[in-house]
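K.L.:
Got a file for you: protein_28.cif, mmCIF, C-alpha atoms.
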```
data_input
loop_
_atom_site.label_atom_id
_atom_site.label_comp_id
_atom_site.auth_asym_id
_atom_site.auth_seq_id
_atom_site.Cartn_x
_atom_site.Cartn_y
_atom_site.Cartn_z
CA MET L 1 54.69 2.77 -19.40
CA ALA L 2 53.83 5.97 -17.59
CA SER L 3 50.56 6.28 -19.46
CA PHE L 4 49.69 2.63 -18.65
CA ALA L 5 50.46 3.19 -14.96
CA ALA L 6 48.26 6.27 -14.92
CA TRP L 7 45.41 4.32 -16.57
CA ALA L 8 45.80 1.45 -14.08
CA MET L 9 45.72 3.83 -11.11
CA ALA L 10 42.66 5.57 -12.48
CA GLY L 11 40.89 2.31 -13.29
CA PRO L 12 38.80 1.91 -10.11
CA SER L 13 37.56 5.49 -10.23
CA MET L 14 36.64 5.07 -13.91
CA ALA L 15 34.46 1.99 -13.27
CA ALA L 16 30.82 2.30 -14.24
CA LYS L 17 28.77 3.83 -11.46
CA PRO L 18 25.56 2.13 -10.27
CA TYR L 19 22.47 3.47 -12.00
CA ARG L 20 20.68 6.16 -10.03
CA THR L 21 17.00 6.59 -10.72
CA PRO L 22 16.02 10.13 -11.73
CA ARG L 23 13.77 12.04 -9.34
CA THR L 24 10.28 13.40 -9.68
CA ARG L 25 9.61 17.04 -8.91
CA PHE L 26 8.82 16.04 -5.32
CA GLY L 27 12.04 14.02 -4.84
CA ALA L 28 10.83 10.40 -5.23
CA PRO L 29 12.43 7.85 -7.58
CA ASP L 30 10.83 8.37 -10.99
CA LEU L 31 8.98 5.33 -12.37
CA GLU L 32 6.62 7.30 -14.61
CA GLY L 33 6.06 6.40 -18.23
CA LEU L 34 4.80 3.62 -20.47
CA TRP L 35 6.20 0.15 -19.82
CA THR L 36 5.60 -3.36 -21.13
CA ASN L 37 6.19 -6.88 -19.77
CA ALA L 38 5.31 -8.58 -23.09
CA SER L 39 7.27 -11.83 -23.35
CA TYR L 40 7.12 -15.49 -24.35
CA THR L 41 7.93 -16.25 -20.71
CA GLU L 42 4.95 -17.52 -18.70
CA LEU L 43 4.10 -17.46 -15.01
CA GLU L 44 4.70 -21.23 -14.71
CA ARG L 45 7.52 -23.05 -16.50
CA PRO L 46 6.41 -25.16 -19.49
CA GLY L 47 7.40 -28.81 -19.48
CA ASP L 48 9.75 -28.32 -22.44
CA LEU L 49 11.92 -25.90 -20.43
CA LYS L 50 13.77 -27.80 -17.71
CA SER L 51 15.27 -24.98 -15.65
CA LEU L 52 14.70 -21.39 -14.59
CA VAL L 53 17.71 -20.18 -16.58
CA VAL L 54 17.40 -21.35 -20.19
CA SER L 55 20.38 -21.96 -22.43
CA PRO L 56 20.63 -19.90 -25.64
CA GLU L 57 20.17 -23.09 -27.69
CA ASP L 58 17.01 -24.16 -25.85
CA ALA L 59 15.67 -20.61 -25.94
CA LYS L 60 16.15 -20.41 -29.68
CA ALA L 61 14.24 -23.67 -30.24
CA TRP L 62 11.37 -22.66 -27.92
CA GLU L 63 11.09 -19.18 -29.42
CA ALA L 64 10.98 -20.63 -32.94
CA LYS L 65 8.16 -22.95 -31.90
CA LEU L 66 6.07 -20.21 -30.25
CA ALA L 67 6.72 -17.67 -33.00
CA LYS L 68 4.21 -19.57 -35.13
CA SER L 69 1.44 -18.56 -32.70
CA GLY L 70 2.65 -15.04 -31.95
CA GLY L 71 4.57 -16.09 -28.84
CA VAL L 72 1.56 -17.63 -27.11
CA ASN L 73 1.89 -21.20 -25.82
CA VAL L 74 -1.50 -22.38 -27.06
CA GLY L 75 -0.72 -26.07 -27.59
CA PRO L 76 -2.89 -27.84 -30.17
CA ASP L 77 -4.86 -25.27 -32.14
CA PRO L 78 -7.15 -27.11 -34.56
CA VAL L 79 -9.50 -24.17 -35.18
CA GLY L 80 -6.71 -21.68 -35.87
CA GLN L 81 -7.39 -19.31 -32.99
CA ALA L 82 -3.77 -18.16 -32.74
CA GLY L 83 -3.66 -17.27 -36.41
CA SER L 84 -6.89 -15.28 -36.28
CA GLU L 85 -5.94 -13.14 -33.29
CA PHE L 86 -3.26 -10.54 -32.75
CA PRO L 87 -0.98 -11.52 -29.85
CA GLU L 88 1.41 -8.95 -28.40
CA SER L 89 3.86 -11.20 -26.59
CA GLY L 90 7.11 -9.52 -27.45
CA SER L 91 9.88 -11.14 -29.44
CA GLY L 92 11.08 -13.96 -27.19
CA LEU L 93 11.73 -15.23 -23.68
CA ALA L 94 12.48 -12.63 -21.02
CA ARG L 95 16.05 -11.56 -20.35
CA ILE L 96 16.50 -10.65 -16.69
CA LYS L 97 19.88 -9.40 -15.50
CA GLY L 98 21.62 -11.24 -18.33
CA GLU L 99 19.73 -14.53 -17.89
CA ILE L 100 17.14 -16.05 -20.21
CA ARG L 101 14.21 -17.02 -17.99
CA GLY L 102 11.88 -20.00 -18.47
CA SER L 103 9.24 -18.78 -16.00
CA TRP L 104 8.32 -15.75 -13.92
CA ILE L 105 8.18 -18.01 -10.84
CA VAL L 106 11.62 -18.36 -9.24
CA ASP L 107 10.54 -20.11 -6.03
CA PRO L 108 9.55 -22.97 -5.84
CA PRO L 109 12.56 -23.98 -7.94
CA ASP L 110 10.42 -26.14 -10.25
CA GLY L 111 8.63 -23.02 -11.48
CA GLN L 112 5.15 -24.35 -10.63
CA LEU L 113 2.40 -22.94 -8.44
CA PRO L 114 2.59 -24.82 -5.09
CA TYR L 115 -1.09 -25.65 -4.61
CA THR L 116 -2.18 -27.59 -1.54
CA GLU L 117 -3.87 -30.95 -2.13
CA ALA L 118 -7.16 -29.48 -0.92
CA ALA L 119 -6.84 -26.65 -3.46
CA ARG L 120 -6.04 -29.09 -6.26
CA LYS L 121 -9.24 -31.01 -5.57
CA ARG L 122 -11.31 -27.87 -5.17
CA LEU L 123 -9.99 -26.32 -8.37
CA LYS L 124 -10.21 -29.55 -10.35
CA SER L 125 -6.56 -30.45 -10.76
CA PRO L 126 -4.74 -29.80 -13.41
CA PRO L 127 -5.04 -27.37 -15.09
CA TYR L 128 -6.88 -26.04 -12.00
CA ARG L 129 -9.61 -24.43 -14.06
CA HIS L 130 -13.34 -24.54 -13.60
CA SER L 131 -14.74 -26.24 -16.67
CA ASP L 132 -18.24 -24.83 -16.25
CA TYR L 133 -18.87 -22.81 -19.39
CA ASP L 134 -22.55 -22.25 -18.69
CA ASP L 135 -22.06 -20.32 -15.43
CA PRO L 136 -20.67 -16.77 -15.68
CA GLU L 137 -19.46 -16.86 -12.08
CA GLN L 138 -17.07 -19.68 -12.96
CA ARG L 139 -15.35 -17.91 -15.84
CA PRO L 140 -11.99 -16.13 -15.33
CA MET L 141 -11.94 -12.49 -14.28
CA ALA L 142 -10.30 -11.26 -17.47
CA GLU L 143 -12.78 -13.16 -19.63
CA ARG L 144 -15.62 -11.37 -17.82
CA CYS L 145 -13.90 -7.98 -18.25
CA LEU L 146 -13.66 -7.52 -14.47
CA THR L 147 -9.97 -6.77 -14.19
CA ALA L 148 -6.86 -7.31 -16.28
CA ASP L 149 -3.98 -9.67 -15.52
CA ALA L 150 -1.50 -6.88 -16.17
CA THR L 151 -2.84 -4.59 -13.43
CA GLY L 152 -3.85 -6.66 -10.41
CA ALA L 153 -1.30 -7.82 -7.88
CA PRO L 154 0.87 -9.50 -8.99
CA MET L 155 1.02 -8.02 -12.49
CA ILE L 156 1.24 -10.94 -14.93
CA SER L 157 1.79 -10.66 -18.67
CA SER L 158 -0.94 -11.87 -21.02
CA PRO L 159 -1.16 -12.65 -24.75
CA ASP L 160 -2.15 -9.06 -25.53
CA THR L 161 -2.33 -5.50 -24.19
CA ASN L 162 0.72 -5.62 -21.93
CA VAL L 163 1.25 -1.85 -21.82
CA LEU L 164 1.30 -0.36 -18.33
CA GLN L 165 1.33 3.34 -17.52
CA ILE L 166 2.75 4.51 -14.19
CA VAL L 167 1.61 7.90 -12.89
CA GLN L 168 3.06 9.40 -9.69
CA THR L 169 1.90 12.07 -7.28
CA ARG L 170 3.25 13.02 -3.89
CA ASP L 171 0.73 10.82 -2.07
CA ALA L 172 -0.08 8.01 -4.50
CA ILE L 173 1.07 6.00 -7.50
CA VAL L 174 -1.43 4.83 -10.11
CA LEU L 175 -0.85 1.73 -12.25
CA VAL L 176 -2.97 1.99 -15.40
CA SER L 177 -3.44 -1.00 -17.69
CA GLU L 178 -4.15 -0.75 -21.39
CA LYS L 179 -6.56 -3.64 -20.93
CA TYR L 180 -9.95 -2.53 -19.54
CA HIS L 181 -8.32 0.77 -18.46
CA ASP L 182 -7.89 -0.63 -14.97
CA ALA L 183 -6.36 1.92 -12.59
CA ARG L 184 -4.85 0.49 -9.39
CA VAL L 185 -4.24 3.23 -6.84
CA VAL L 186 -1.29 2.65 -4.51
CA ARG L 187 -1.55 4.98 -1.52
CA LEU L 188 1.81 5.94 -0.05
CA GLY L 189 2.07 5.73 3.72
CA GLY L 190 -1.35 4.18 4.29
CA GLY L 191 -4.25 2.28 2.81
CA ALA L 192 -7.84 3.33 2.27
CA GLY L 193 -8.81 2.40 5.82
CA PRO L 194 -10.52 -0.51 7.58
CA ASN L 195 -13.99 0.47 6.37
CA ALA L 196 -13.09 0.44 2.69
CA PRO L 197 -14.97 -2.31 0.79
CA ARG L 198 -13.07 -5.27 -0.56
CA SER L 199 -12.50 -5.13 -4.30
CA TRP L 200 -11.21 -7.13 -7.28
CA MET L 201 -7.82 -5.37 -7.05
CA GLY L 202 -7.70 -5.12 -3.27
CA GLU L 203 -6.32 -2.40 -1.03
CA CYS L 204 -2.80 -1.28 -1.98
CA GLU L 205 -0.40 0.41 0.42
CA GLY L 206 2.97 1.68 -0.82
CA ARG L 207 6.24 2.85 0.67
CA TRP L 208 9.74 3.63 -0.56
CA ASP L 209 12.61 1.38 0.49
CA GLY L 210 15.51 3.42 -0.84
CA GLU L 211 15.21 3.28 -4.64
CA THR L 212 12.51 0.57 -4.53
CA LEU L 213 8.75 1.02 -4.45
CA VAL L 214 7.23 -1.61 -2.16
CA VAL L 215 3.51 -2.31 -2.59
CA THR L 216 1.50 -4.51 -0.21
CA THR L 217 -1.93 -5.61 -1.43
CA THR L 218 -4.58 -7.16 0.85
CA ARG L 219 -8.38 -7.17 1.20
CA LEU L 220 -9.13 -8.76 -2.15
CA ARG L 221 -12.73 -9.56 -2.91
CA THR L 222 -14.06 -12.40 -0.70
CA GLY L 223 -13.96 -15.83 -2.28
CA LEU L 224 -11.77 -17.27 -5.02
CA GLN L 225 -10.80 -15.42 -8.15
CA GLU L 226 -9.07 -16.86 -11.20
CA ARG L 227 -6.63 -14.16 -12.21
CA SER L 228 -5.45 -15.92 -15.36
CA TRP L 229 -5.30 -19.46 -16.73
CA GLY L 230 -5.00 -21.67 -13.67
CA PHE L 231 -3.72 -18.92 -11.33
CA TRP L 232 -5.97 -18.34 -8.33
CA LEU L 233 -6.08 -16.03 -5.32
CA SER L 234 -8.36 -16.09 -2.31
CA GLY L 235 -9.75 -13.09 -0.48
CA GLU L 236 -7.13 -13.59 2.24
CA ALA L 237 -4.11 -13.38 -0.06
CA ARG L 238 -1.29 -10.98 0.74
CA VAL L 239 0.84 -9.88 -2.21
CA GLU L 240 4.06 -7.89 -1.92
CA GLU L 241 5.56 -6.24 -5.01
CA ARG L 242 8.89 -4.45 -5.40
CA LEU L 243 9.62 -2.17 -8.37
CA THR L 244 13.17 -0.89 -8.89
CA ARG L 245 14.30 1.11 -11.89
CA ILE L 246 17.66 -0.41 -12.84
CA GLY L 247 18.27 1.51 -16.05
CA PRO L 248 16.81 4.25 -18.24
CA ASP L 249 14.54 1.73 -19.99
CA GLU L 250 14.07 -1.07 -17.46
CA ILE L 251 12.20 -1.75 -14.20
CA PHE L 252 13.06 -4.88 -12.20
CA TYR L 253 9.85 -6.28 -10.73
CA GLU L 254 9.73 -8.79 -7.86
CA PHE L 255 6.64 -10.21 -6.20
CA SER L 256 5.63 -12.71 -3.54
CA VAL L 257 2.25 -14.28 -2.83
CA ASP L 258 1.22 -15.45 0.65
CA ASP L 259 -2.09 -17.32 0.51
CA PRO L 260 -2.12 -20.35 2.89
CA SER L 261 -5.66 -21.34 1.92
CA LEU L 262 -4.42 -22.26 -1.56
CA TYR L 263 -0.64 -22.70 -1.45
CA THR L 264 1.81 -24.74 0.60
CA GLN L 265 4.33 -21.88 0.79
CA VAL L 266 4.92 -18.25 -0.07
CA TRP L 267 5.89 -18.26 -3.74
CA ARG L 268 7.98 -15.65 -5.53
CA GLY L 269 8.49 -14.34 -9.02
CA GLU L 270 10.71 -11.94 -10.95
CA MET L 271 9.98 -9.98 -14.11
CA VAL L 272 11.16 -6.99 -16.12
CA PHE L 273 9.18 -4.07 -17.49
CA ARG L 274 10.79 -2.31 -20.43
CA ALA L 275 10.09 1.22 -21.61
CA THR L 276 7.89 1.52 -24.67
CA ARG L 277 6.77 4.46 -26.73
CA GLY L 278 3.31 2.97 -26.85
CA PRO L 279 0.82 4.21 -27.72
CA MET L 280 -1.77 2.92 -25.29
CA PHE L 281 -4.91 2.02 -27.24
CA GLU L 282 -8.51 1.78 -26.12
CA TYR L 283 -9.50 -1.76 -25.15
CA ALA L 284 -13.27 -1.70 -25.49
CA CYS L 285 -14.23 -4.61 -23.27
CA HIS L 286 -17.32 -4.44 -21.11
CA GLU L 287 -19.15 -6.76 -18.78
CA GLY L 288 -21.84 -8.74 -20.57
CA ASN L 289 -20.09 -8.46 -23.95
CA TYR L 290 -20.93 -10.72 -26.88
CA GLY L 291 -18.07 -13.10 -26.02
CA ILE L 292 -19.55 -14.25 -22.74
CA VAL L 293 -23.01 -14.48 -24.34
CA ASN L 294 -21.64 -16.84 -26.98
CA ILE L 295 -19.69 -18.88 -24.40
CA LEU L 296 -22.75 -19.41 -22.22
CA GLY L 297 -25.06 -20.05 -25.15
CA ALA L 298 -22.81 -22.67 -26.73
CA ALA L 299 -22.29 -24.43 -23.40
CA ARG L 300 -25.98 -24.56 -22.63
CA LEU L 301 -26.74 -25.84 -26.10
CA GLY L 302 -24.18 -28.58 -25.56
CA ASN L 303 -25.75 -29.51 -22.22
CA GLN L 304 -29.11 -30.30 -23.79
CA PRO L 305 -30.08 -33.96 -24.15
CA PRO L 306 -29.61 -35.34 -27.67
CA PRO L 307 -32.73 -35.18 -29.83
CA LYS L 308 -34.84 -38.29 -29.92
CA THR L 309 -34.78 -40.22 -33.15
CA SER L 310 -37.61 -42.34 -34.42
CA ALA L 311 -36.90 -45.93 -35.29
CA PRO L 312 -36.73 -46.61 -39.02
#
```
Would you mind writing the file's structure down as structure tokens?
P.N.:
Amino acid sequence: MASFAAWAMAGPSMAAKPYRTPRTRFGAPDLEGLWTNASYTELERPGDLKSLVVSPEDAKAWEAKLAKSGGVNVGPDPVGQAGSEFPESGSGLARIKGEIRGSWIVDPPDGQLPYTEAARKRLKSPPYRHSDYDDPEQRPMAERCLTADATGAPMISSPDTNVLQIVQTRDAIVLVSEKYHDARVVRLGGGAGPNAPRSWMGECEGRWDGETLVVTTTRLRTGLQERSWGFWLSGEARVEERLTRIGPDEIFYEFSVDDPSLYTQVWRGEMVFRATRGPMFEYACHEGNYGIVNILGAARLGNQPPPKTSAP
């Protein structure tokens, strides 16, 4: 009995302590290393998943279905694209704080991008994609090798190359993507200044809120940019990201997008980055590569009038 009483009295003091992020040599929370957000989970919730938190039974069925295409929700695939490529989408739906998640978007509750009616018409509703294959300016940014989904704000997973390297200095944090070797520089305590040109990845200002790195991105390139399939930002978008290391091998990532020209409300998402040993490979994509040449050529060939046939 005495030993039980001693254990009971000691119980509260023996409870697991909250994780404390290790420090860099200059005293900041240490986020450095190689991380990945590879997952079957998508930005928007697929129709087959009815809620943000997915039951183990529903998750098992969905994961079995997507495993046939490497975890990529490609839908009908008559030409066998999924089988001929090499997706790197992890091993299943994301687990975030003990929950199986059906989408990165957590608000709105339906897990869908809250486009305005004007934006739906402008972007050719759904799937909100320009269908002009013969105009390079209408193709997505990643397809044109301009910037990767996994680096720009917010950082969204893609079918491949989801490795992210975080490098810290006293004055800045650099987010380096395996895809296209994009390097997004987050300046701590101030941005690049009002005279800095707008860019594809915008101007990123960072600060520490306790253990959390808070990044505010503005001044994106003027006009509309399709960041990934059906996900758009305007040049006036304001994106806030929060990165908190919650364990030795895990970063909890939160983001919000404020872009009134396209969306009816500020929308939010949650994600996890998990430590990986890598390595980070070269992704040899360049603007004007053979892919875009073939896309434009095939589209323009298809736009030609049918050949005239002579009457028998």
K.L.:
State, in Å with one decimal place, the distance from atom CA of L:Ile246 to atom CA of L:Ala38.
P.N.:
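Between these atoms lies a distance of 18.0 Å.
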K.L.:
Please compute the atom CA of L:Met280-atom CA of L:Gly230 distance, one decimal, in Å.
P.N.:
27.4 Å
K.L.:
Would you mind reading off the distance between atom CA of L:Thr21 and atom CA of L:Arg274, one decimal, in Å?
P.N.:
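According to the coordinates, atom CA of L:Thr21 and atom CA of L:Arg274 are separated by 14.6 Å.
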K.L.:
Which one is closest to L:Met271: L:Ser234, L:Ser125, L:Ser103, L:Gln168? Count all atoms listed in the file.
P.N.:
L:Ser103
K.L.:
I'd like the neighbourhood of L:Tyr263 as a PyMOL selection string, where a residue qualifies if any of its atoms comes within 7 Å (using all atoms listed in the file), though same-chain residues fewer than 4 positions away should be ignored.
P.N.:
chain L and resi 114-116+259
K.L.:
Residues of the last selection are to be written out with C-alpha atoms, as a PDB file, in the coordinates of the input.
P.N.:
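Result file out.pdb:
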```pdb
ATOM      1  CA  PRO L 114       2.590 -24.820  -5.090  1.00  0.00           C
ATOM      2  CA  TYR L 115      -1.090 -25.650  -4.610  1.00  0.00           C
ATOM      3  CA  THR L 116      -2.180 -27.590  -1.540  1.00  0.00           C
ATOM      4  CA  ASP L 259      -2.090 -17.320   0.510  1.00  0.00           C
TER       5      ASP L 259
END
```
K.L.:
Do you know which residues the PyMOL selection byres ((chain L and resi 158) around 9) returns on this file, as a ChimeraX atom specification?
P.N.:
/L:37-39,42,72,87-89,148-150,156-157,159-162,228
K.L.:
What would the selection look like, as a ChimeraX atom specification, if the PyMOL selection byres ((chain L and resi 50) around 12) were run on the coordinates I just shared?
P.N.:
/L:44-49,51-55,58-59,62,101-103,109-112
K.L.:
Using all atoms listed in the file, find the one residue out of L:Ala299, L:Ala284, L:Met141, L:Ala119 that sits nearest to L:Lys179.
P.N.:
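Smallest separation from L:Lys179 among the options: L:Ala284.
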K.L.:
Out of L:Glu137, L:Asp107, L:Glu203, L:Asp182, which residue has the shortest atom-to-atom distance to L:Gly269 when counting all atoms listed in the file?
P.N.:
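Smallest distance to L:Gly269 is found for L:Asp107.
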K.L.:
Got a sec to resolve the PyMOL selection byres ((chain L and resi 174) around 10) on this structure and send the residues as a ChimeraX atom specification?
P.N.:
/L:32,165-169,172-173,175-177,182-187
K.L.:
Please produce stretch 44-75 of chain L, completed to N, CA and C atoms, as a PDB file, in the frame of the given file.
P.N.:
```
ATOM      1  N   GLU L  44       4.164 -19.915 -15.038  1.00  0.00           N
ATOM      2  CA  GLU L  44       4.700 -21.230 -14.710  1.00  0.00           C
ATOM      3  C   GLU L  44       5.600 -21.721 -15.843  1.00  0.00           C
ATOM      4  N   ARG L  45       6.561 -22.566 -15.513  1.00  0.00           N
ATOM      5  CA  ARG L  45       7.520 -23.050 -16.500  1.00  0.00           C
ATOM      6  C   ARG L  45       6.908 -24.182 -17.325  1.00  0.00           C
ATOM      7  N   PRO L  46       6.902 -24.063 -18.644  1.00  0.00           N
ATOM      8  CA  PRO L  46       6.410 -25.160 -19.490  1.00  0.00           C
ATOM      9  C   PRO L  46       7.269 -26.398 -19.353  1.00  0.00           C
ATOM     10  N   GLY L  47       6.677 -27.556 -19.626  1.00  0.00           N
ATOM     11  CA  GLY L  47       7.400 -28.810 -19.480  1.00  0.00           C
ATOM     12  C   GLY L  47       8.618 -28.926 -20.374  1.00  0.00           C
ATOM     13  N   ASP L  48       8.614 -28.232 -21.509  1.00  0.00           N
ATOM     14  CA  ASP L  48       9.750 -28.320 -22.440  1.00  0.00           C
ATOM     15  C   ASP L  48      10.966 -27.544 -21.955  1.00  0.00           C
ATOM     16  N   LEU L  49      10.794 -26.667 -20.969  1.00  0.00           N
ATOM     17  CA  LEU L  49      11.920 -25.900 -20.430  1.00  0.00           C
ATOM     18  C   LEU L  49      12.254 -26.466 -19.047  1.00  0.00           C
ATOM     19  N   LYS L  50      13.437 -27.001 -18.900  1.00  0.00           N
ATOM     20  CA  LYS L  50      13.770 -27.800 -17.710  1.00  0.00           C
ATOM     21  C   LYS L  50      14.323 -26.998 -16.550  1.00  0.00           C
ATOM     22  N   SER L  51      14.667 -25.739 -16.741  1.00  0.00           N
ATOM     23  CA  SER L  51      15.270 -24.980 -15.650  1.00  0.00           C
ATOM     24  C   SER L  51      14.845 -23.519 -15.736  1.00  0.00           C
ATOM     25  N   LEU L  52      15.044 -22.805 -14.632  1.00  0.00           N
ATOM     26  CA  LEU L  52      14.700 -21.390 -14.590  1.00  0.00           C
ATOM     27  C   LEU L  52      15.519 -20.609 -15.610  1.00  0.00           C
ATOM     28  N   VAL L  53      16.819 -20.851 -15.634  1.00  0.00           N
ATOM     29  CA  VAL L  53      17.710 -20.180 -16.580  1.00  0.00           C
ATOM     30  C   VAL L  53      17.844 -21.071 -17.810  1.00  0.00           C
ATOM     31  N   VAL L  54      17.450 -20.568 -18.955  1.00  0.00           N
ATOM     32  CA  VAL L  54      17.400 -21.350 -20.190  1.00  0.00           C
ATOM     33  C   VAL L  54      18.656 -21.077 -21.012  1.00  0.00           C
ATOM     34  N   SER L  55      19.208 -22.120 -21.581  1.00  0.00           N
ATOM     35  CA  SER L  55      20.380 -21.960 -22.430  1.00  0.00           C
ATOM     36  C   SER L  55      20.003 -21.254 -23.721  1.00  0.00           C
ATOM     37  N   PRO L  56      20.945 -20.563 -24.367  1.00  0.00           N
ATOM     38  CA  PRO L  56      20.630 -19.900 -25.640  1.00  0.00           C
ATOM     39  C   PRO L  56      20.100 -20.871 -26.690  1.00  0.00           C
ATOM     40  N   GLU L  57      20.618 -22.107 -26.703  1.00  0.00           N
ATOM     41  CA  GLU L  57      20.170 -23.090 -27.690  1.00  0.00           C
ATOM     42  C   GLU L  57      18.720 -23.494 -27.445  1.00  0.00           C
ATOM     43  N   ASP L  58      18.385 -23.779 -26.177  1.00  0.00           N
ATOM     44  CA  ASP L  58      17.010 -24.160 -25.850  1.00  0.00           C
ATOM     45  C   ASP L  58      16.052 -22.988 -26.054  1.00  0.00           C
ATOM     46  N   ALA L  59      16.512 -21.789 -25.741  1.00  0.00           N
ATOM     47  CA  ALA L  59      15.670 -20.610 -25.940  1.00  0.00           C
ATOM     48  C   ALA L  59      15.365 -20.411 -27.412  1.00  0.00           C
ATOM     49  N   LYS L  60      16.351 -20.597 -28.245  1.00  0.00           N
ATOM     50  CA  LYS L  60      16.150 -20.410 -29.680  1.00  0.00           C
ATOM     51  C   LYS L  60      15.115 -21.387 -30.225  1.00  0.00           C
ATOM     52  N   ALA L  61      15.191 -22.650 -29.775  1.00  0.00           N
ATOM     53  CA  ALA L  61      14.240 -23.670 -30.240  1.00  0.00           C
ATOM     54  C   ALA L  61      12.829 -23.360 -29.751  1.00  0.00           C
ATOM     55  N   TRP L  62      12.685 -22.951 -28.479  1.00  0.00           N
ATOM     56  CA  TRP L  62      11.370 -22.660 -27.920  1.00  0.00           C
ATOM     57  C   TRP L  62      10.760 -21.422 -28.571  1.00  0.00           C
ATOM     58  N   GLU L  63      11.583 -20.411 -28.792  1.00  0.00           N
ATOM     59  CA  GLU L  63      11.090 -19.180 -29.420  1.00  0.00           C
ATOM     60  C   GLU L  63      10.649 -19.437 -30.857  1.00  0.00           C
ATOM     61  N   ALA L  64      11.375 -20.296 -31.571  1.00  0.00           N
ATOM     62  CA  ALA L  64      10.980 -20.630 -32.940  1.00  0.00           C
ATOM     63  C   ALA L  64       9.636 -21.356 -32.961  1.00  0.00           C
ATOM     64  N   LYS L  65       9.416 -22.217 -31.980  1.00  0.00           N
ATOM     65  CA  LYS L  65       8.160 -22.950 -31.900  1.00  0.00           C
ATOM     66  C   LYS L  65       6.997 -22.009 -31.608  1.00  0.00           C
ATOM     67  N   LEU L  66       7.167 -21.101 -30.648  1.00  0.00           N
ATOM     68  CA  LEU L  66       6.070 -20.210 -30.250  1.00  0.00           C
ATOM     69  C   LEU L  66       5.853 -19.070 -31.233  1.00  0.00           C
ATOM     70  N   ALA L  67       6.871 -18.757 -32.035  1.00  0.00           N
ATOM     71  CA  ALA L  67       6.720 -17.670 -33.000  1.00  0.00           C
ATOM     72  C   ALA L  67       5.585 -17.935 -33.974  1.00  0.00           C
ATOM     73  N   LYS L  68       5.278 -19.211 -34.206  1.00  0.00           N
ATOM     74  CA  LYS L  68       4.210 -19.570 -35.130  1.00  0.00           C
ATOM     75  C   LYS L  68       2.835 -19.152 -34.613  1.00  0.00           C
ATOM     76  N   SER L  69       2.717 -18.985 -33.295  1.00  0.00           N
ATOM     77  CA  SER L  69       1.440 -18.560 -32.700  1.00  0.00           C
ATOM     78  C   SER L  69       1.573 -17.202 -32.017  1.00  0.00           C
ATOM     79  N   GLY L  70       2.487 -16.384 -32.504  1.00  0.00           N
ATOM     80  CA  GLY L  70       2.650 -15.040 -31.950  1.00  0.00           C
ATOM     81  C   GLY L  70       3.229 -15.005 -30.559  1.00  0.00           C
ATOM     82  N   GLY L  71       3.948 -16.053 -30.162  1.00  0.00           N
ATOM     83  CA  GLY L  71       4.570 -16.090 -28.840  1.00  0.00           C
ATOM     84  C   GLY L  71       3.689 -16.639 -27.758  1.00  0.00           C
ATOM     85  N   VAL L  72       2.501 -17.119 -28.099  1.00  0.00           N
ATOM     86  CA  VAL L  72       1.560 -17.630 -27.110  1.00  0.00           C
ATOM     87  C   VAL L  72       1.615 -19.162 -27.124  1.00  0.00           C
ATOM     88  N   ASN L  73       1.797 -19.753 -25.950  1.00  0.00           N
ATOM     89  CA  ASN L  73       1.890 -21.200 -25.820  1.00  0.00           C
ATOM     90  C   ASN L  73       0.490 -21.799 -25.797  1.00  0.00           C
ATOM     91  N   VAL L  74      -0.113 -21.959 -26.975  1.00  0.00           N
ATOM     92  CA  VAL L  74      -1.500 -22.380 -27.060  1.00  0.00           C
ATOM     93  C   VAL L  74      -1.666 -23.891 -27.151  1.00  0.00           C
ATOM     94  N   GLY L  75      -0.581 -24.623 -27.412  1.00  0.00           N
ATOM     95  CA  GLY L  75      -0.720 -26.070 -27.590  1.00  0.00           C
ATOM     96  C   GLY L  75      -1.443 -26.369 -28.885  1.00  0.00           C
TER      97      GLY L  75
END
```
